[in-house]
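Participant: Have a peek at run34.csv (CSV, C-alpha atoms).
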chain,number,residue,atom,x,y,z
A,1,MET,CA,122.8,91.8,90.0
A,2,GLY,CA,119.0,91.9,89.8
A,3,PHE,CA,117.0,94.2,87.5
A,4,LYS,CA,114.0,96.2,88.6
A,5,LYS,CA,111.0,96.7,86.4
A,6,GLU,CA,111.9,100.3,86.1
A,7,ASP,CA,115.4,99.5,84.8
A,8,ILE,CA,114.1,97.1,82.1
A,9,TYR,CA,111.3,99.5,81.2
A,10,LYS,CA,113.5,102.3,80.2
A,11,TYR,CA,115.4,100.1,77.7
A,12,LEU,CA,112.3,98.8,76.0
A,13,PRO,CA,111.2,100.2,72.6
A,14,ILE,CA,108.2,102.6,72.9
A,15,THR,CA,105.7,100.1,71.6
A,16,ALA,CA,106.8,97.6,74.2
A,17,GLN,CA,106.7,100.3,76.9
A,18,ASN,CA,103.1,101.1,75.9
A,19,PHE,CA,102.2,97.4,76.0
A,20,ALA,CA,103.8,97.0,79.5
A,21,VAL,CA,102.0,100.1,80.9
A,22,SER,CA,98.7,98.9,79.4
A,23,ARG,CA,99.1,95.4,80.8
A,24,TYR,CA,100.1,96.8,84.2
A,25,GLY,CA,97.0,99.1,84.2
A,26,ARG,CA,94.8,96.2,83.3
A,27,ILE,CA,96.1,94.1,86.2
A,28,THR,CA,95.7,97.0,88.6
A,29,ARG,CA,92.1,97.6,87.3
A,30,ASN,CA,91.2,93.9,87.7
A,31,VAL,CA,92.5,93.9,91.3
A,32,ARG,CA,90.7,97.2,92.1
A,33,PHE,CA,87.4,96.3,90.4
A,34,SER,CA,87.1,92.6,91.4
A,35,GLU,CA,83.9,90.8,92.2
A,36,LYS,CA,84.2,92.1,95.7
A,37,TYR,CA,84.0,95.7,94.5
A,38,PHE,CA,80.8,95.0,92.5
A,39,ALA,CA,79.2,93.2,95.5
A,40,LEU,CA,80.0,96.2,97.7
A,41,ARG,CA,78.7,98.6,95.2
A,42,GLN,CA,75.5,96.7,94.9
A,43,LEU,CA,75.2,96.7,98.7
A,44,PHE,CA,75.8,100.5,98.9
A,45,GLU,CA,73.2,101.1,96.2
A,46,LYS,CA,70.6,99.0,98.0
A,47,SER,CA,71.4,100.3,101.5
A,48,GLN,CA,71.0,104.0,100.6
A,49,PHE,CA,67.3,103.5,101.0
A,50,SER,CA,67.4,101.4,104.2
A,51,SER,CA,65.9,102.6,107.4
A,52,LEU,CA,68.2,103.7,110.2
A,53,SER,CA,67.3,100.7,112.3
A,54,ASP,CA,68.1,98.3,109.4
A,55,LEU,CA,71.5,100.1,108.9
A,56,ARG,CA,72.2,99.8,112.7
A,57,GLU,CA,71.3,96.1,112.6
A,58,TYR,CA,73.6,95.5,109.6
A,59,GLN,CA,76.4,97.5,111.3
A,60,ASN,CA,76.1,95.5,114.5
A,61,GLU,CA,76.1,92.2,112.6
A,62,LYS,CA,79.3,93.2,110.7
A,63,LEU,CA,80.9,94.5,113.9
A,64,ASN,CA,80.1,91.2,115.7
A,65,ASN,CA,81.7,89.2,112.8
A,66,LEU,CA,84.8,91.4,112.9
A,67,ILE,CA,85.2,91.0,116.7
A,68,ILE,CA,84.8,87.2,116.5
A,69,ASP,CA,87.3,87.0,113.6
A,70,ALA,CA,89.8,89.3,115.5
A,71,PHE,CA,89.5,87.2,118.6
A,72,ASP,CA,89.9,83.9,116.8
A,73,HIS,CA,92.7,84.9,114.4
A,74,VAL,CA,94.6,88.0,115.5
A,75,PRO,CA,96.9,87.4,118.5
A,76,PHE,CA,97.2,91.1,119.5
A,77,TYR,CA,93.4,91.5,119.8
A,78,ARG,CA,92.9,88.1,121.5
A,79,ASP,CA,95.5,89.1,124.2
A,80,ILE,CA,93.9,92.5,124.7
A,81,MET,CA,90.5,90.9,125.2
A,82,LYS,CA,91.8,88.2,127.5
A,83,LYS,CA,93.6,90.8,129.7
A,84,ARG,CA,90.3,92.7,130.0
A,85,LYS,CA,88.4,89.4,130.6
A,86,LEU,CA,86.2,90.0,127.5
A,87,VAL,CA,84.8,87.5,125.0
A,88,PRO,CA,83.5,88.5,121.6
A,89,SER,CA,79.9,88.3,122.8
A,90,ASP,CA,80.6,91.2,125.2
A,91,ILE,CA,80.9,93.6,122.2
A,92,ARG,CA,77.6,93.7,120.3
A,93,THR,CA,77.3,97.4,119.3
A,94,ALA,CA,79.5,100.4,118.6
A,95,GLU,CA,78.8,101.6,122.1
A,96,ASP,CA,80.5,98.5,123.5
A,97,LEU,CA,83.7,99.4,121.7
A,98,ASN,CA,84.7,101.6,124.7
A,99,LYS,CA,85.5,98.3,126.5
A,100,LEU,CA,88.5,98.0,124.3
A,101,PRO,CA,91.5,100.3,124.7
A,102,ILE,CA,92.5,103.0,122.2
A,103,ILE,CA,95.5,101.7,120.3
A,104,GLY,CA,98.3,104.2,119.7
A,105,LYS,CA,101.2,104.3,117.3
A,106,GLY,CA,103.6,102.9,119.9
A,107,ASP,CA,101.3,99.9,120.4
A,108,ILE,CA,101.4,99.2,116.7
A,109,ARG,CA,105.2,99.5,116.5
A,110,ILE,CA,105.7,97.2,119.5
A,111,ASN,CA,103.1,94.6,118.4
A,112,PHE,CA,103.2,94.8,114.7
A,113,GLY,CA,104.0,91.2,114.2
A,114,ASN,CA,101.0,90.1,116.2
A,115,MET,CA,98.5,92.3,114.4
A,116,THR,CA,98.1,90.2,111.3
A,117,SER,CA,95.5,87.5,111.1
A,118,THR,CA,96.8,83.9,111.4
A,119,GLU,CA,94.5,83.1,108.4
A,120,CYS,CA,96.4,85.5,106.2
A,121,LYS,CA,99.3,84.2,104.2
A,122,GLN,CA,102.4,86.4,104.0
A,123,GLY,CA,102.3,86.3,100.2
A,124,ASP,CA,98.7,87.7,100.2
A,125,LEU,CA,99.7,90.9,102.0
A,126,ARG,CA,100.1,93.8,99.6
A,127,ALA,CA,101.3,97.3,100.2
A,128,GLY,CA,98.7,99.9,99.2
A,129,HIS,CA,98.5,103.5,98.6
Can the structure in the file be given as structure tokens, please?

Facilitator:
Amino acid sequence: MGFKKEDIYKYLPITAQNFAVSRYGRITRNVRFSEKYFALRQLFEKSQFSSLSDLREYQNEKLNNLIIDAFDHVPFYRDIMKKRKLVPSDIRTAEDLNKLPIIGKGDIRINFGNMTSTECKQGDLRAGH
């Protein structure tokens, strides 16, 4: 018989409950506000004054990186692109995204196992809210 955190928590003394909640809150805060958060925040603060052409260039660069990564590491997207005879260099801008099909809920249900990057370890996946 295994215990859940919630089961143990309700039997702890109040001071231990307070410590547990504080510790959990600190862990959650550290995950939420990691170095990546501060790097993105700095990028957003800097980019708010960028010209539209600079923003489009940045957007297209990030899109290109995403498409290359999806093609290289996500079986679902690689199969879709191969069926349509596409390579990552065919999708350079947001306007090129219409070359890819719109994915529906049914597609996700059927292909869920193939939609995760092969670079991602199962233990690294986390349910969010």

Participant: What's the separation between atom CA of A:Tyr11 and atom CA of A:Thr28, in Å to one decimal place?

Facilitator: 22.7 Å

Participant: Could you tell me how far atom CA of A:Ile8 lies from atom CA of A:Ala20, in Å and to one decimal?

Facilitator: 10.6 Å

Participant: For stretch 113-118 of chain A, work out the shell of residues within 8 Å, counting all atoms listed in the file and skipping chain neighbours fewer than 3 positions away, then give it as a PDB file with C-alpha atoms, keeping the file's coordinate frame.

Facilitator:
ATOM      1  CA  ALA A  70      89.800  89.300 115.500  1.00  0.00           C
ATOM      2  CA  HIS A  73      92.700  84.900 114.400  1.00  0.00           C
ATOM      3  CA  VAL A  74      94.600  88.000 115.500  1.00  0.00           C
ATOM      4  CA  PRO A  75      96.900  87.400 118.500  1.00  0.00           C
ATOM      5  CA  PHE A  76      97.200  91.100 119.500  1.00  0.00           C
ATOM      6  CA  TYR A  77      93.400  91.500 119.800  1.00  0.00           C
ATOM      7  CA  ILE A 108     101.400  99.200 116.700  1.00  0.00           C
ATOM      8  CA  LYS A 121      99.300  84.200 104.200  1.00  0.00           C
TER       9      LYS A 121
END

Participant: In Å, with one decimal, what is the gap from atom CA of A:Asp69 to atom CA of A:Tyr37?

Facilitator: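 So the two atoms, atom CA of A:Asp69 and atom CA of A:Tyr37, lie 21.2 Å apart.
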
Participant: Which residues come within 8 Å of A:Ala94, counting all atoms listed in the file, excluding same-chain residues fewer than 2 positions away, as a list in words?

Facilitator: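 My list of contacting residues is Asn60, Leu63, Ile91, Arg92, Asp96 and Leu97 of chain A.
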
Participant: Give me the residues near A:Ile80 as a compact mmCIF listing (two decimals) with C-alpha atoms, keeping the file's coordinate frame, where near means some atom within 10 Å (using all atoms listed in the file) and where sequence neighbours in that chain fewer than 4 positions away do not count.

Facilitator:
# COMPACT_ATOMS: atom_id res chain seq x y z
CA PHE A 71 89.50 87.20 118.60
CA PRO A 75 96.90 87.40 118.50
CA PHE A 76 97.20 91.10 119.50
CA ARG A 84 90.30 92.70 130.00
CA LYS A 85 88.40 89.40 130.60
CA LEU A 86 86.20 90.00 127.50
CA LEU A 100 88.50 98.00 124.30
CA PRO A 101 91.50 100.30 124.70

Participant: Which of these residues is nearest to A:Arg56, using all atoms listed in the file: A:Ile110, A:Asn98, A:Thr93, A:Lys10?

Facilitator: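 For A:Arg56, the nearest of the candidates is A:Thr93.
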
Participant: Of the residues A:Tyr24, A:Lys46, A:Ser89, A:Phe38, which is the one nearest to A:Glu61, using only C-alpha atoms?

Facilitator: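 The answer is A:Ser89, which sits nearest to A:Glu61.
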